[in-house]
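Structure, as structure tokens:
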Amino acid sequence: MVRYKYIYNNKKKIWHNKNLYIVILIVLVMSAYIYSSLSGFLSDLKDNQYGNEVIQPGSAHVHYIDVWQGDCILIQDGIHNILIDTGSSIMSSDVLNFFDKHDVDKLDMVILTHPHEDHIGSFDEIVEKYQVDLVLKSGITHDTSTYRNVEKILADEEIKAIVPVYKEIFTYGDMMFTVLSDSSKKYDEINDYSIVVRLDHLGNTFLFTADMESSSEKDLLDKETDIECDVLKVAHHGGSSSTTASFLYEASPVYAIIQSGAGNDYGYPHKSIIERLDVHAVKVYRNDLLGDITCISTDKGISFIFEKDY
Ligand SMILES: [Zn+2]
Ligand SMILES: [Zn+2]
């Protein structure tokens with residue numbers, strides 16, 4: 001009997017100790033979880049407030065920079081810097097500040113989509129400060145001092161500049177840029193000559209449409225070009241002569257970015273385009289409302305950061 005009692009008590013003691021260990025373990029696991037979610041939340045909050053995001057290895061940041069009325073997109077993977085359009089000349093100091101804040105040391109490729117001032121106006125200021133390895137240009141000429149100035153800089157500085165052809169591919173690390181516009185086509189509108197590119201990065205797809213209008217959109221559709229994307233840069237600042245219903249249907253983006261300036265003279269983005277995006281259940285982010293928009297692309301998907309100057 002005594003022996004039995006002893007064993008019984010001992011078992012009970014072990015059971016109590018086991019219980020205690022489990023409780024301590026649960027408390028530890030919960031504390032670690034709460035700490036990690038809280039610190040994640042706090043760093044997210046910090047990023048959202050200050051745009052102080054660090055580019056993690058294997059990720060790419062697509063910055064749709066708020067350049068008021070114009071286009072300017074900087075794409076970085078921590079090694080390469082690609083620029084699609086420069087914004088107009090009056091915004092050059094904002095663009096250079098943005099580059100400075102985001103550790104741009106040189107530009108591997110600059111795509112000057114077409115010769116309008118709101119897309120190429122800051123090119124001279126950028127070249128003065130940063131080395132540019134390669135320029136993609138549309139091939140259409142334009143009788144303006146801004147356009148002539150850009151051509152002069154390209155010649156004077158001996159910057160390699162090419163007119164890319166349909167389906168030409170430019171690869172930088174995990175980022176693959178495919179040219180979807182066809183430089184051999186002839187159009188009435190300069191906007192239709194816009195270089196259109198798709199960026200593929202770790203399963204995420206971005207479509208950059210510059211100022212293309214319905215004629216070049218139709219050409220893309222006729223050629224059955226793959227324009228399906230996760231994030232669409234809405235063409236021509238949200239103007240109603242672009243982003244046709246059939247184009248939007250084929251692109252079927254989850255997100256749409258509109259680069260337009262608050263209180264601009266053209267009424268961009270046009271109400272009909274906002275309504276069309278709404279009908280297609282596309283989530284719309286606008287520079288005029290949100291300031292700088294950054295999309296972070298990783299192998300796990302995409303997320304957004306917004307930063308507004310007040
Ligand atoms: Zn434009
Ligand atoms: Zn234009």
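Each chain in the structure tokens gets a letter, A, B and so on, in the order shown; residues start at 1 in every chain, and ligands are counted from 1 in the order they appear.
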
Could you give me the residues within 10 Å of ligand 2, counting only C-alpha atoms and all ligand atoms, as a PyMOL selection string? chain A and resi 70-71+113-120+189-194+210-213+235-237

Atoms kept (C-alpha atoms) for selection, written as a PDB file, in the first residue's frame:
```pdb
ATOM      1  CA  GLY A  70       2.892  64.014 -65.484  1.00  0.00           C
ATOM      2  CA  ASP A  71       4.373  60.521 -65.331  1.00  0.00           C
ATOM      3  CA  THR A 113       7.999  56.906 -73.420  1.00  0.00           C
ATOM      4  CA  HIS A 114       7.174  59.766 -75.834  1.00  0.00           C
ATOM      5  CA  PRO A 115       8.279  63.381 -76.400  1.00  0.00           C
ATOM      6  CA  HIS A 116       5.653  65.253 -74.339  1.00  0.00           C
ATOM      7  CA  GLU A 117       7.019  67.628 -71.699  1.00  0.00           C
ATOM      8  CA  ASP A 118       5.192  66.003 -68.781  1.00  0.00           C
ATOM      9  CA  HIS A 119       7.140  62.783 -69.522  1.00  0.00           C
ATOM     10  CA  ILE A 120      10.639  64.012 -70.476  1.00  0.00           C
ATOM     11  CA  GLU A 189      -1.422  61.095 -82.210  1.00  0.00           C
ATOM     12  CA  ILE A 190       2.003  61.396 -80.565  1.00  0.00           C
ATOM     13  CA  ASN A 191       0.541  59.700 -77.480  1.00  0.00           C
ATOM     14  CA  ASP A 192      -0.039  56.532 -79.493  1.00  0.00           C
ATOM     15  CA  TYR A 193       3.720  56.266 -80.094  1.00  0.00           C
ATOM     16  CA  SER A 194       4.224  55.771 -76.328  1.00  0.00           C
ATOM     17  CA  ALA A 210       2.353  55.936 -70.666  1.00  0.00           C
ATOM     18  CA  ASP A 211      -0.099  58.058 -72.725  1.00  0.00           C
ATOM     19  CA  MET A 212      -1.212  55.408 -75.226  1.00  0.00           C
ATOM     20  CA  GLU A 213      -4.665  56.036 -76.666  1.00  0.00           C
ATOM     21  CA  ALA A 235      -2.929  55.431 -69.672  1.00  0.00           C
ATOM     22  CA  HIS A 236      -2.844  59.178 -70.304  1.00  0.00           C
ATOM     23  CA  HIS A 237      -3.452  60.272 -66.703  1.00  0.00           C
TER      24      HIS A 237
END
```

Got a sec: who's within 7 Å of region 131-138 of chain A, counting only C-alpha atoms, leaving out chain neighbours fewer than 4 positions off, as a ChimeraX atom specification? /A:106-114,127,159-164,183,193-195

Put those residues in a file: N, CA and C atoms, as a JSON list (two decimals), in the first residue's frame.
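Contents of out.json, freshly written:
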```json
[["chain", "number", "residue", "atom", "x", "y", "z"],
["A", 106, "LYS", "N", 22.87, 55.48, -59.70],
["A", 106, "LYS", "CA", 22.88, 55.71, -61.15],
["A", 106, "LYS", "C", 21.62, 55.09, -61.73],
["A", 107, "LEU", "N", 21.33, 55.39, -62.98],
["A", 107, "LEU", "CA", 20.13, 54.83, -63.61],
["A", 107, "LEU", "C", 20.57, 53.83, -64.68],
["A", 108, "ASP", "N", 20.18, 52.58, -64.51],
["A", 108, "ASP", "CA", 20.56, 51.54, -65.47],
["A", 108, "ASP", "C", 19.83, 51.70, -66.79],
["A", 109, "MET", "N", 18.54, 52.10, -66.69],
["A", 109, "MET", "CA", 17.77, 52.29, -67.92],
["A", 109, "MET", "C", 16.73, 53.39, -67.67],
["A", 110, "VAL", "N", 16.62, 54.31, -68.62],
["A", 110, "VAL", "CA", 15.57, 55.34, -68.57],
["A", 110, "VAL", "C", 14.70, 55.16, -69.81],
["A", 111, "ILE", "N", 13.41, 54.97, -69.59],
["A", 111, "ILE", "CA", 12.49, 54.86, -70.72],
["A", 111, "ILE", "C", 11.79, 56.21, -70.88],
["A", 112, "LEU", "N", 12.09, 56.89, -72.00],
["A", 112, "LEU", "CA", 11.40, 58.15, -72.30],
["A", 112, "LEU", "C", 10.26, 57.76, -73.24],
["A", 113, "THR", "N", 9.07, 57.58, -72.68],
["A", 113, "THR", "CA", 8.00, 56.91, -73.42],
["A", 113, "THR", "C", 7.58, 57.62, -74.70],
["A", 114, "HIS", "N", 7.52, 58.97, -74.64],
["A", 114, "HIS", "CA", 7.17, 59.77, -75.83],
["A", 114, "HIS", "C", 7.55, 61.22, -75.54],
["A", 127, "VAL", "N", 20.14, 63.90, -65.84],
["A", 127, "VAL", "CA", 21.43, 63.52, -66.46],
["A", 127, "VAL", "C", 22.59, 64.30, -65.85],
["A", 159, "ILE", "N", 25.08, 59.15, -74.63],
["A", 159, "ILE", "CA", 24.28, 58.13, -73.92],
["A", 159, "ILE", "C", 23.70, 57.17, -74.95],
["A", 160, "LYS", "N", 23.85, 55.89, -74.67],
["A", 160, "LYS", "CA", 23.29, 54.88, -75.58],
["A", 160, "LYS", "C", 21.77, 55.00, -75.59],
["A", 161, "ALA", "N", 21.19, 55.30, -76.75],
["A", 161, "ALA", "CA", 19.73, 55.46, -76.84],
["A", 161, "ALA", "C", 19.22, 54.65, -78.01],
["A", 162, "ILE", "N", 18.23, 53.81, -77.77],
["A", 162, "ILE", "CA", 17.69, 52.97, -78.84],
["A", 162, "ILE", "C", 16.16, 53.07, -78.90],
["A", 163, "VAL", "N", 15.64, 52.78, -80.08],
["A", 163, "VAL", "CA", 14.20, 52.66, -80.25],
["A", 163, "VAL", "C", 13.90, 51.17, -80.17],
["A", 164, "PRO", "N", 13.26, 50.71, -79.08],
["A", 164, "PRO", "CA", 13.06, 49.26, -78.93],
["A", 164, "PRO", "C", 11.99, 48.75, -79.86],
["A", 183, "SER", "N", 7.06, 49.94, -82.54],
["A", 183, "SER", "CA", 7.63, 51.19, -83.05],
["A", 183, "SER", "C", 7.54, 51.30, -84.57],
["A", 193, "TYR", "N", 2.35, 56.76, -79.90],
["A", 193, "TYR", "CA", 3.72, 56.27, -80.09],
["A", 193, "TYR", "C", 4.38, 55.88, -78.77],
["A", 194, "SER", "N", 3.66, 56.06, -77.66],
["A", 194, "SER", "CA", 4.22, 55.77, -76.33],
["A", 194, "SER", "C", 4.83, 54.37, -76.26],
["A", 195, "ILE", "N", 6.00, 54.29, -75.64],
["A", 195, "ILE", "CA", 6.58, 52.96, -75.37],
["A", 195, "ILE", "C", 5.78, 52.35, -74.23]]
```

Name all residues at most 7 Å from Asp230 (chain A) (count only C-alpha atoms; drop same-chain ones fewer than 3 positions away) and give them as number ranges by chain. A: 204-206, 253-255

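Considering only C-alpha atoms, the residue among A:Gly203, A:Gly121, A:Pro57, A:Gly263 positioned nearest to Ser88 (chain A) is A:Gly121.
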
Could you check which of A:Ser215, A:Thr146, A:Gln76, A:Ser260 is closest to ligand 1, using only C-alpha atoms and all ligand atoms?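 Closest to ligand 1, using only C-alpha atoms and all ligand atoms: A:Ser260.
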
Among region 136-256 of chain A, which ones does DSSP assign to helix (DSSP H, G or I) (computed from the backbone)? Answer as a ChimeraX atom specification. /A:145-156,190-193,214-222,235-238,245-251

Could you turn the residues from that selection into a file that holds C-alpha atoms, as a CSV table (one decimal), in the first residue's frame?
```csv
chain,number,residue,atom,x,y,z
A,145,SER,CA,12.6,72.9,-77.4
A,146,THR,CA,12.1,70.2,-74.7
A,147,TYR,CA,12.4,67.4,-77.2
A,148,ARG,CA,15.3,69.0,-79.1
A,149,ASN,CA,17.1,69.5,-75.8
A,150,VAL,CA,16.7,65.8,-74.9
A,151,GLU,CA,18.1,64.8,-78.2
A,152,LYS,CA,21.0,67.2,-77.8
A,153,ILE,CA,21.8,65.8,-74.3
A,154,LEU,CA,21.8,62.2,-75.7
A,155,ALA,CA,24.2,63.2,-78.4
A,156,ASP,CA,26.5,65.4,-76.3
A,190,ILE,CA,2.0,61.4,-80.6
A,191,ASN,CA,0.5,59.7,-77.5
A,192,ASP,CA,0.0,56.5,-79.5
A,193,TYR,CA,3.7,56.3,-80.1
A,214,SER,CA,-7.4,53.8,-78.1
A,215,SER,CA,-5.6,53.3,-81.5
A,216,SER,CA,-2.5,51.7,-80.1
A,217,GLU,CA,-4.6,49.9,-77.5
A,218,LYS,CA,-6.5,48.3,-80.4
A,219,ASP,CA,-3.3,47.3,-82.1
A,220,LEU,CA,-2.1,45.5,-78.9
A,221,LEU,CA,-5.5,43.7,-78.7
A,222,ASP,CA,-5.5,42.8,-82.4
A,235,ALA,CA,-2.9,55.4,-69.7
A,236,HIS,CA,-2.8,59.2,-70.3
A,237,HIS,CA,-3.5,60.3,-66.7
A,238,GLY,CA,-7.0,58.7,-66.7
A,245,ALA,CA,-13.5,48.7,-72.0
A,246,SER,CA,-12.1,45.9,-74.1
A,247,PHE,CA,-8.5,46.8,-73.2
A,248,LEU,CA,-9.4,46.9,-69.5
A,249,TYR,CA,-11.2,43.5,-69.8
A,250,GLU,CA,-8.0,41.9,-71.3
A,251,ALA,CA,-5.7,43.6,-68.9
```

So which residues of region 27-211 of chain A fall under strand (DSSP E) by DSSP, listed as a ChimeraX atom specification? /A:60-64,72-76,81-86,109-112,135-137,161-162,169-172,175-179,197-201,204-208

Closest to Lys283 (chain A) among A:Lys223, A:Lys233, A:His80, A:His142, using only C-alpha atoms? A:Lys233

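The list of residues with at least one atom within 7 Å of Phe306 (chain A), based on only C-alpha atoms and without residues fewer than 3 positions apart in the same chain, reads Asn48, Leu290, Gly291, Asp292, Ile293 and Thr294 of chain A.
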
Identify which of the residues A:Phe98, A:Phe304, A:Tyr285, A:Tyr266 lies closest to ligand 1, counting only C-alpha atoms and all ligand atoms when measuring atom-to-atom distances.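 Smallest separation from ligand 1 among the options: A:Tyr266.
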
Considering only C-alpha atoms and all ligand atoms, can you say which of A:Val62, A:Val284, A:Val196, A:Cys72 comes closest to ligand 1?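 Closest candidate: A:Cys72.
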
Closest of A:Gly78, A:Gly301, A:Gly239, A:Gly139 to ligand 1 - atom-to-atom distances counting only C-alpha atoms and all ligand atoms: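 Residue with the minimum atom-to-atom distance to ligand 1: A:Gly239.
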
Counting only C-alpha atoms, what is within 7 Å of Cys295 (chain A), bar same-chain residues fewer than 4 positions away, as a list of chain:residue names?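 My reading of the contact set: A:His61, A:Val62, A:His63, A:Ile302, A:Ser303, A:Phe304, A:Ile305.
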
Take the residues just selected and output them with C-alpha atoms as a PDB file, in the first residue's frame.
```
ATOM      1  CA  HIS A  61       9.862  48.546 -55.303  1.00  0.00           C
ATOM      2  CA  VAL A  62       7.817  50.301 -57.971  1.00  0.00           C
ATOM      3  CA  HIS A  63       7.482  53.980 -57.051  1.00  0.00           C
ATOM      4  CA  ILE A 302       2.381  42.777 -53.659  1.00  0.00           C
ATOM      5  CA  SER A 303       1.652  45.470 -51.069  1.00  0.00           C
ATOM      6  CA  PHE A 304       1.431  49.266 -51.159  1.00  0.00           C
ATOM      7  CA  ILE A 305       2.851  52.221 -49.245  1.00  0.00           C
TER       8      ILE A 305
END
```
